[in-house]
$ cat work_35.txt   # compact mmCIF, C-alpha atoms
# COMPACT_ATOMS: atom_id res chain seq x y z
CA MET A 1 -21.10 -30.10 34.16
CA ILE A 2 -21.82 -26.36 34.12
CA GLN A 3 -21.75 -26.40 30.30
CA SER A 4 -24.39 -29.19 30.14
CA LYS A 5 -26.62 -27.32 32.61
CA LYS A 6 -26.41 -24.24 30.36
CA SER A 7 -27.21 -26.39 27.32
CA LEU A 8 -30.20 -27.90 29.08
CA GLY A 9 -31.34 -24.42 30.07
CA TYR A 10 -31.14 -23.23 26.45
CA ILE A 11 -33.07 -26.29 25.28
CA PHE A 12 -35.73 -25.72 27.93
CA ILE A 13 -36.11 -22.05 26.99
CA SER A 14 -36.29 -22.98 23.29
CA LEU A 15 -39.05 -25.50 24.01
CA ILE A 16 -41.03 -22.90 25.94
CA ILE A 17 -40.70 -20.42 23.06
CA LEU A 18 -41.77 -23.06 20.52
CA SER A 19 -44.72 -24.03 22.72
CA CYS A 20 -45.81 -20.39 22.97
CA GLN A 21 -45.53 -20.00 19.17
CA THR A 22 -47.60 -23.17 18.61
CA ASN A 23 -50.27 -21.95 21.04
CA LYS A 24 -50.31 -18.58 19.27
CA GLU A 25 -50.70 -20.30 15.87
CA GLN A 26 -53.55 -22.45 17.21
CA GLN A 27 -55.29 -19.35 18.62
CA LEU A 28 -54.85 -17.50 15.31
CA ALA A 29 -56.36 -20.49 13.48
CA ALA A 30 -59.32 -20.58 15.88
CA ASP A 31 -59.93 -16.85 15.32
CA SER A 32 -59.66 -17.00 11.51
CA TYR A 33 -62.51 -17.75 9.12
CA LEU A 34 -59.95 -19.38 6.80
CA PRO A 35 -56.94 -20.68 8.73
CA MET A 36 -53.85 -20.78 6.54
CA GLN A 37 -50.96 -23.14 7.16
CA ILE A 38 -49.23 -25.52 4.78
CA GLY A 39 -50.86 -28.92 5.23
CA ASN A 40 -54.37 -27.65 6.02
CA LEU A 41 -56.91 -29.85 4.23
CA TRP A 42 -60.62 -29.73 3.37
CA TYR A 43 -61.47 -33.27 2.23
CA MET A 44 -64.76 -34.48 0.75
CA ASN A 45 -63.38 -37.66 -0.84
CA ALA A 46 -60.39 -38.83 -2.92
CA GLN A 47 -61.84 -37.04 -5.97
CA SER A 48 -62.69 -33.71 -4.30
CA TYR A 49 -60.51 -31.89 -1.80
CA THR A 50 -58.54 -28.70 -1.21
CA GLU A 51 -55.17 -28.51 0.52
CA ILE A 52 -52.63 -25.81 1.21
CA GLN A 53 -49.49 -27.07 -0.49
CA ASP A 54 -47.04 -24.20 -0.29
CA SER A 55 -46.52 -20.49 0.21
CA VAL A 56 -45.19 -17.95 -2.25
CA ARG A 57 -44.44 -14.23 -2.30
CA ILE A 58 -46.43 -12.23 -4.82
CA ASN A 59 -45.59 -8.53 -5.03
CA ASN A 60 -43.69 -8.97 -1.72
CA LYS A 61 -46.79 -10.32 0.09
CA LEU A 62 -47.06 -13.85 1.50
CA PHE A 63 -49.75 -15.95 -0.20
CA TYR A 64 -50.68 -19.59 0.39
CA LYS A 65 -51.09 -22.00 -2.52
CA PHE A 66 -54.49 -23.72 -2.36
CA TYR A 67 -54.63 -26.76 -4.63
CA SER A 68 -58.04 -28.32 -5.33
CA LEU A 69 -59.03 -31.50 -7.09
CA VAL A 70 -62.68 -31.38 -8.18
CA GLY A 71 -64.54 -34.45 -9.35
CA GLY A 72 -61.34 -36.43 -9.82
CA ASP A 73 -60.34 -34.74 -13.08
CA ALA A 74 -60.44 -30.96 -12.71
CA VAL A 75 -57.79 -29.05 -10.79
CA SER A 76 -57.66 -25.51 -9.51
CA THR A 77 -54.82 -23.59 -7.92
CA VAL A 78 -55.47 -20.27 -6.19
CA TYR A 79 -53.19 -18.14 -4.06
CA LEU A 80 -54.79 -16.58 -0.98
CA ARG A 81 -53.81 -14.41 1.95
CA ILE A 82 -55.58 -12.45 4.67
CA ASP A 83 -54.44 -8.84 4.66
CA GLU A 84 -54.06 -6.37 7.52
CA HIS A 85 -57.75 -5.36 7.12
CA ASN A 86 -58.94 -8.97 7.59
CA ARG A 87 -59.84 -9.31 3.91
CA LEU A 88 -59.26 -12.53 1.97
CA ILE A 89 -57.13 -11.55 -1.02
CA GLU A 90 -56.62 -13.71 -4.12
CA GLY A 91 -53.56 -13.15 -6.32
CA TYR A 92 -51.46 -14.97 -8.90
CA PRO A 93 -47.69 -15.12 -9.52
CA ASP A 94 -48.10 -14.55 -13.27
CA SER A 95 -50.08 -11.33 -12.65
CA PRO A 96 -48.57 -9.89 -9.46
CA LEU A 97 -50.28 -6.48 -9.57
CA LYS A 98 -53.81 -7.88 -10.00
CA THR A 99 -55.69 -8.95 -6.85
CA TYR A 100 -59.26 -9.86 -5.98
CA ILE A 101 -61.08 -9.40 -2.68
CA SER A 102 -62.70 -12.77 -2.05
CA ALA A 103 -64.05 -11.96 1.42
CA ASP A 104 -64.03 -9.20 4.02
CA PHE A 105 -64.20 -10.93 7.38
CA SER A 106 -64.49 -7.65 9.30
CA ALA A 107 -67.57 -6.56 7.32
CA ASN A 108 -71.00 -6.59 8.95
CA LYS A 109 -74.29 -8.04 7.77
CA GLY A 110 -75.60 -5.94 4.87
CA ASP A 111 -72.19 -4.50 3.96
CA LYS A 112 -71.24 -4.59 0.27
CA PHE A 113 -67.93 -4.53 -1.62
CA PHE A 114 -66.62 -5.44 -5.06
CA THR A 115 -64.11 -8.17 -5.87
CA THR A 116 -62.06 -6.00 -8.27
CA GLY A 117 -63.78 -2.63 -8.54
CA GLU A 118 -63.11 -2.62 -12.29
CA LYS A 119 -66.77 -2.93 -13.36
CA ASP A 120 -65.97 -5.72 -15.81
CA GLU A 121 -67.33 -9.24 -16.26
CA ASN A 122 -65.00 -10.56 -13.53
CA ASP A 123 -66.14 -8.02 -10.94
CA ASN A 124 -68.72 -9.25 -8.43
CA GLU A 125 -70.82 -7.23 -6.03
CA VAL A 126 -70.44 -9.03 -2.72
CA THR A 127 -72.93 -8.69 0.12
CA VAL A 128 -72.56 -10.04 3.65
CA VAL A 129 -75.88 -11.87 4.05
CA GLN A 130 -75.24 -13.50 7.44
CA LYS A 131 -72.72 -13.01 10.23
CA SER A 132 -72.44 -14.37 13.75
CA ASP A 133 -69.56 -14.90 16.15
CA HIS A 134 -68.78 -18.22 14.41
CA GLU A 135 -69.99 -17.93 10.79
CA ILE A 136 -70.10 -15.49 7.91
CA THR A 137 -71.84 -15.84 4.54
CA PHE A 138 -71.15 -13.82 1.41
CA SER A 139 -73.35 -13.53 -1.68
CA PHE A 140 -71.49 -12.95 -4.96
CA ASP A 141 -73.47 -11.34 -7.80
CA PRO A 142 -71.63 -10.83 -11.13
CA ILE A 143 -73.65 -7.68 -11.86
CA TYR A 144 -71.52 -6.66 -14.87
CA HIS A 145 -71.75 -10.04 -16.59
CA PRO A 146 -74.42 -10.08 -19.33
CA ASN A 147 -75.60 -13.66 -18.66
CA LEU A 148 -74.85 -14.23 -14.96
CA LYS A 149 -76.15 -10.97 -13.43
CA GLY A 150 -78.93 -11.72 -10.97
CA TYR A 151 -77.73 -15.27 -10.28
CA PRO A 152 -75.71 -14.86 -7.09
CA THR A 153 -73.79 -17.64 -5.41
CA GLN A 154 -73.10 -17.89 -1.69
CA VAL A 155 -69.92 -18.80 0.15
CA LYS A 156 -70.02 -19.52 3.88
CA TYR A 157 -67.07 -19.71 6.30
CA ILE A 158 -66.92 -21.17 9.79
CA LYS A 159 -64.48 -19.58 12.20
CA GLY A 160 -61.52 -21.88 12.85
CA LYS A 161 -62.44 -24.32 10.04
CA GLY A 162 -62.79 -22.42 6.77
CA TRP A 163 -65.41 -23.19 4.14
CA ALA A 164 -68.75 -24.53 5.34
CA GLU A 165 -69.16 -27.50 3.03
CA LYS A 166 -69.95 -31.16 3.67
CA TYR A 167 -66.39 -32.38 4.26
CA GLN A 168 -65.58 -35.85 5.56
CA LYS A 169 -62.60 -34.38 7.36
CA ILE A 170 -60.88 -31.08 7.87
CA LYS A 171 -57.28 -30.73 9.03
CA ILE A 172 -56.34 -27.34 10.48
CA ASN A 173 -52.81 -26.78 11.83
CA GLY A 174 -52.38 -30.53 12.41
CA VAL A 175 -55.74 -31.05 14.15
CA VAL A 176 -58.16 -33.35 12.29
CA TYR A 177 -61.91 -32.80 12.53
CA GLN A 178 -64.16 -35.63 11.34
CA GLU A 179 -67.53 -34.54 10.07
$ encode --input "work_35.txt" --output "structure tokens"
Amino acid sequence: MIQSKKSLGYIFISLIILSCQTNKEQQLAADSYLPMQIGNLWYMNAQSYTEIQDSVRINNKLFYKFYSLVGGDAVSTVYLRIDEHNRLIEGYPDSPLKTYISADFSANKGDKFFTTGEKDENDNEVTVVQKSDHEITFSFDPIYHPNLKGYPTQVKYIKGKGWAEKYQKIKINGVVYQE
């Protein structure tokens, strides 16, 4: 009888710890401009979606594998993480020492940074063009590219949901949002 009371006590404590961890994960997701957990999904339709399928260590850092199907026939796989400075870092297992800064979520409106800093065709000058408590928008200008310089593209993030696109549904840490 005493043994089963101890077992029940351990189970109860374990459930409390798991509940606290789940609440912490949900709070982290709500505070992040790009919540990262395996299973997160940004779904436009059966031909266009992005999902986090896995995690992998690249140069001893944890990255999440983002798999995208675009238009039903094109696929893209990128590996992303948010570093200790609240920057969105892109890396690849086949080139572990090469990384790109895709976003700096702690930057302020008007701040600028470069994706690689190498001043080559792949380097973009990034400007924070809009920031509020719930959204941030970056403008990417490939200023070293001979044909694309001066044609910036914008990427917008919504806190707690990720990319600000016209998704039919978004699933973040098991919670589904219908748009």
$ residues_near_point --input "work_35.txt" --point "(-62.5, -18.6, 7.6)" --cutoff "10 Å" --atoms "only C-alpha atoms" --output "NGL selection string"
:A and (29-36 or 82 or 88 or 103 or 105 or 134-136 or 156-164)
$ atom_distance --input "work_35.txt" --atom1 "CA of Glu51 in chain A" --atom2 "CA of Phe114 in chain A"
26.4 Å
$ closest_atom_pairs --input "work_35.txt" --of "range 34-142 of chain A" --to "range 147-152 of chain A" --cutoff "6 Å" --atoms "only C-alpha atoms" --output "Markdown table"
| residue | atom | partner | partner_atom | distance |
| --- | --- | --- | --- | --- |
| A:Phe140 | CA | A:Pro152 | CA | 5.1 |
| A:Asp141 | CA | A:Pro152 | CA | 4.2 |
| A:Pro142 | CA | A:Lys149 | CA | 5.1 |
$ axis_aligned_box --input "work_35.txt" --around "range 150-160 of chain A" --padding-each-side "8 Å" --output "JSON"
{"center_x": -70.2, "center_y": -16.8, "center_z": 0.9, "size_x": 33.4, "size_y": 26.2, "size_z": 39.8}
$ closest_residue --input "work_35.txt" --among "A:Phe138, A:Tyr167, A:Tyr64, A:Phe113" --to "Ile52 in chain A" --atoms "only C-alpha atoms"
A:Tyr64
$ closest_residue --input "work_35.txt" --among "A:Ile170, A:Leu69, A:Val175, A:Val126" --to "Tyr43 in chain A" --atoms "only C-alpha atoms"
A:Ile170
$ closest_residue --input "work_35.txt" --among "A:Met44, A:Pro146, A:Leu97, A:Val129" --to "Gln178 in chain A" --atoms "only C-alpha atoms"
A:Met44
$ atom_distance --input "work_35.txt" --atom1 "CA of Gln154 in chain A" --atom2 "CA of Asn86 in chain A"
19.1 Å
$ closest_residue --input "work_35.txt" --among "A:Val176, A:Ser95, A:Gly110, A:Glu125" --to "His145 in chain A" --atoms "all atoms listed in the file"
A:Glu125
$ atom_distance --input "work_35.txt" --atom1 "CA of Phe66 in chain A" --atom2 "CA of Asp133 in chain A"
25.4 Å
$ residues_around --input "work_35.txt" --residues "Ile89 in chain A" --least-positions-apart "6" --cutoff "9 Å" --atoms "only C-alpha atoms" --output "PDB file with C-alpha atoms, in the frame of the given file"
ATOM      1  CA  PHE A  63     -49.750 -15.950  -0.200  1.00  0.00           C
ATOM      2  CA  TYR A  79     -53.190 -18.140  -4.060  1.00  0.00           C
ATOM      3  CA  LEU A  80     -54.790 -16.580  -0.980  1.00  0.00           C
ATOM      4  CA  ARG A  81     -53.810 -14.410   1.950  1.00  0.00           C
ATOM      5  CA  ILE A  82     -55.580 -12.450   4.670  1.00  0.00           C
ATOM      6  CA  ASP A  83     -54.440  -8.840   4.660  1.00  0.00           C
ATOM      7  CA  THR A  99     -55.690  -8.950  -6.850  1.00  0.00           C
ATOM      8  CA  TYR A 100     -59.260  -9.860  -5.980  1.00  0.00           C
ATOM      9  CA  ILE A 101     -61.080  -9.400  -2.680  1.00  0.00           C
ATOM     10  CA  SER A 102     -62.700 -12.770  -2.050  1.00  0.00           C
ATOM     11  CA  ALA A 103     -64.050 -11.960   1.420  1.00  0.00           C
ATOM     12  CA  ASP A 104     -64.030  -9.200   4.020  1.00  0.00           C
TER      13      ASP A 104
END
$ residues_around --input "work_35.txt" --residues "Lys98 in chain A" --least-positions-apart "6" --cutoff "12 Å" --atoms "all atoms listed in the file" --output "list in words"
Ile58, Asn59, Tyr79, Ile89, Glu90, Gly91, Tyr92, Thr115, Thr116, Gly117 and Glu118 of chain A
$ residues_around --input "work_35.txt" --residues "Asn45 in chain A" --least-positions-apart "4" --cutoff "12 Å" --atoms "all atoms listed in the file" --output "number ranges by chain"
A: 41, 49-50, 68-72, 166-170
$ decode --input "work_35.txt" --residues "range 108-161 of chain A" --atoms "C-alpha atoms" --output "PDB file, in the first residue's frame"
ATOM      1  CA  ASN A 108      14.291  47.685 -34.644  1.00  0.00           C
ATOM      2  CA  LYS A 109      12.583  49.466 -37.518  1.00  0.00           C
ATOM      3  CA  GLY A 110      15.243  50.931 -39.817  1.00  0.00           C
ATOM      4  CA  ASP A 111      18.005  48.566 -38.660  1.00  0.00           C
ATOM      5  CA  LYS A 112      20.046  46.877 -41.401  1.00  0.00           C
ATOM      6  CA  PHE A 113      22.133  43.692 -41.567  1.00  0.00           C
ATOM      7  CA  PHE A 114      23.521  41.360 -44.217  1.00  0.00           C
ATOM      8  CA  THR A 115      22.566  37.721 -44.733  1.00  0.00           C
ATOM      9  CA  THR A 116      26.175  36.518 -45.173  1.00  0.00           C
ATOM     10  CA  GLY A 117      28.437  39.560 -45.015  1.00  0.00           C
ATOM     11  CA  GLU A 118      30.499  38.139 -47.885  1.00  0.00           C
ATOM     12  CA  LYS A 119      29.533  40.817 -50.445  1.00  0.00           C
ATOM     13  CA  ASP A 120      28.749  38.210 -53.091  1.00  0.00           C
ATOM     14  CA  GLU A 121      25.669  37.515 -55.214  1.00  0.00           C
ATOM     15  CA  ASN A 122      24.070  35.536 -52.361  1.00  0.00           C
ATOM     16  CA  ASP A 123      24.473  38.335 -49.814  1.00  0.00           C
ATOM     17  CA  ASN A 124      21.387  40.476 -49.206  1.00  0.00           C
ATOM     18  CA  GLU A 125      21.128  43.781 -47.411  1.00  0.00           C
ATOM     19  CA  VAL A 126      18.191  43.339 -45.050  1.00  0.00           C
ATOM     20  CA  THR A 127      16.246  46.252 -43.598  1.00  0.00           C
ATOM     21  CA  VAL A 128      13.566  46.080 -40.913  1.00  0.00           C
ATOM     22  CA  VAL A 129      10.777  48.062 -42.591  1.00  0.00           C
ATOM     23  CA  GLN A 130       8.031  47.504 -40.007  1.00  0.00           C
ATOM     24  CA  LYS A 131       7.917  46.264 -36.425  1.00  0.00           C
ATOM     25  CA  SER A 132       5.205  46.163 -33.789  1.00  0.00           C
ATOM     26  CA  ASP A 133       4.587  44.037 -30.717  1.00  0.00           C
ATOM     27  CA  HIS A 134       3.022  41.354 -32.953  1.00  0.00           C
ATOM     28  CA  GLU A 135       4.613  41.679 -36.419  1.00  0.00           C
ATOM     29  CA  ILE A 136       7.941  42.312 -38.078  1.00  0.00           C
ATOM     30  CA  THR A 137       8.704  42.828 -41.779  1.00  0.00           C
ATOM     31  CA  PHE A 138      12.092  42.527 -43.451  1.00  0.00           C
ATOM     32  CA  SER A 139      13.085  43.810 -46.895  1.00  0.00           C
ATOM     33  CA  PHE A 140      15.784  41.773 -48.682  1.00  0.00           C
ATOM     34  CA  ASP A 141      17.782  43.574 -51.382  1.00  0.00           C
ATOM     35  CA  PRO A 142      20.435  41.521 -53.242  1.00  0.00           C
ATOM     36  CA  ILE A 143      22.650  44.601 -53.667  1.00  0.00           C
ATOM     37  CA  TYR A 144      25.653  42.626 -54.966  1.00  0.00           C
ATOM     38  CA  HIS A 145      23.695  40.757 -57.629  1.00  0.00           C
ATOM     39  CA  PRO A 146      24.090  42.356 -61.086  1.00  0.00           C
ATOM     40  CA  ASN A 147      20.477  41.735 -62.209  1.00  0.00           C
ATOM     41  CA  LEU A 148      18.474  41.674 -58.962  1.00  0.00           C
ATOM     42  CA  LYS A 149      19.911  44.719 -57.144  1.00  0.00           C
ATOM     43  CA  GLY A 150      17.169  47.244 -56.495  1.00  0.00           C
ATOM     44  CA  TYR A 151      14.380  44.654 -56.582  1.00  0.00           C
ATOM     45  CA  PRO A 152      13.843  43.894 -52.900  1.00  0.00           C
ATOM     46  CA  THR A 153      11.437  41.291 -51.589  1.00  0.00           C
ATOM     47  CA  GLN A 154       9.664  41.447 -48.246  1.00  0.00           C
ATOM     48  CA  VAL A 155       9.111  38.748 -45.646  1.00  0.00           C
ATOM     49  CA  LYS A 156       6.682  39.339 -42.786  1.00  0.00           C
ATOM     50  CA  TYR A 157       6.355  37.325 -39.554  1.00  0.00           C
ATOM     51  CA  ILE A 158       3.525  37.280 -37.035  1.00  0.00           C
ATOM     52  CA  LYS A 159       4.462  36.564 -33.440  1.00  0.00           C
ATOM     53  CA  GLY A 160       3.296  33.098 -32.395  1.00  0.00           C
ATOM     54  CA  LYS A 161       2.385  32.026 -35.959  1.00  0.00           C
TER      55      LYS A 161
END
